[in-house]
$ cat target23.tsv   # TSV, C-alpha atoms
chain	number	residue	atom	x	y	z
O	1318	ARG	CA	4.99	20.13	5.74
O	1319	PRO	CA	7.89	22.06	4.21
O	1320	ALA	CA	11.26	20.39	4.61
O	1321	SER	CA	13.74	22.43	6.62
O	1322	GLY	CA	17.18	21.28	7.63
O	1323	ASP	CA	20.67	20.81	6.32
O	1324	SER	CA	19.88	17.66	4.35
O	1325	LEU	CA	17.19	15.06	3.71
O	1326	SER	CA	17.32	11.30	4.12
O	1327	CYS	CA	15.01	8.65	2.67
O	1328	ARG	CA	14.37	5.44	4.60
O	1329	ALA	CA	12.74	2.67	2.59
O	1330	LYS	CA	11.85	-0.87	3.58
O	1331	VAL	CA	10.04	-3.92	2.33
O	1332	GLU	CA	7.06	-4.42	4.64
O	1333	ARG	CA	6.05	-7.77	3.20
O	1334	ALA	CA	7.39	-9.92	0.38
O	1335	GLY	CA	5.36	-12.77	-1.03
O	1336	LYS	CA	5.69	-14.92	-4.12
O	1337	ALA	CA	4.14	-12.29	-6.40
O	1338	LEU	CA	3.15	-9.28	-4.25
O	1339	PHE	CA	5.54	-6.91	-2.51
O	1340	PHE	CA	4.52	-4.13	-0.11
O	1341	LEU	CA	6.99	-1.29	0.47
O	1342	SER	CA	7.08	1.92	2.49
O	1343	ALA	CA	9.35	4.96	2.64
O	1344	GLU	CA	9.83	8.06	4.80
O	1345	LEU	CA	11.60	11.30	3.93
O	1346	VAL	CA	13.16	12.89	7.03
O	1347	THR	CA	15.13	16.06	7.69
O	1348	MET	CA	18.61	15.76	9.14
O	1349	PRO	CA	19.82	16.13	11.86
O	1350	ASN	CA	16.50	16.55	13.75
O	1351	GLU	CA	14.84	13.59	11.92
O	1352	LYS	CA	11.36	15.06	11.46
O	1353	VAL	CA	9.21	13.16	8.96
O	1354	VAL	CA	8.20	15.40	6.04
O	1355	ALA	CA	6.76	12.78	3.64
O	1356	LYS	CA	5.60	9.15	3.64
O	1357	SER	CA	4.90	6.80	0.77
O	1358	THR	CA	3.69	3.25	0.23
O	1359	ALA	CA	3.80	1.08	-2.87
O	1360	THR	CA	2.57	-2.32	-3.96
O	1361	PHE	CA	4.31	-4.27	-6.72
O	1362	TYR	CA	3.12	-7.36	-8.57
O	1363	LEU	CA	5.59	-9.68	-10.26
O	1364	PRO	CA	3.87	-12.24	-12.49

$ encode --input "target23.tsv" --output "structure tokens"
Amino acid sequence: RPASGDSLSCRAKVERAGKALFFLSAELVTMPNEKVVAKSTATFYLP
């Protein structure tokens, strides 16, 4: 969906952190109405 609003805010968090694997997620929201315009997930491996 197109982003409309005065500004955008990204909220990111670590969903799960293990010894070597990390699972993260993020949301991009419009401000001030806080509608989600994008979501992302990532997995990182640290040897």

$ closest_residue --input "target23.tsv" --among "O:Tyr1362, O:Ser1357, O:Lys1352, O:Leu1338" --to "Leu1325 of chain O" --atoms "all atoms listed in the file"
O:Lys1352

$ closest_residue --input "target23.tsv" --among "O:Phe1340, O:Gly1335, O:Ser1321, O:Ser1326" --to "Thr1358 of chain O" --atoms "only C-alpha atoms"
O:Phe1340

$ residues_around --input "target23.tsv" --residues "Pro1319 of chain O" --least-positions-apart "5" --cutoff "12 Å" --atoms "all atoms listed in the file" --output "PyMOL selection string"
chain O and resi 1325+1345-1347+1352-1355

$ atom_distance --input "target23.tsv" --atom1 "atom CA of Cys1327 of chain O" --atom2 "atom CA of Asn1350 of chain O"
13.7 Å
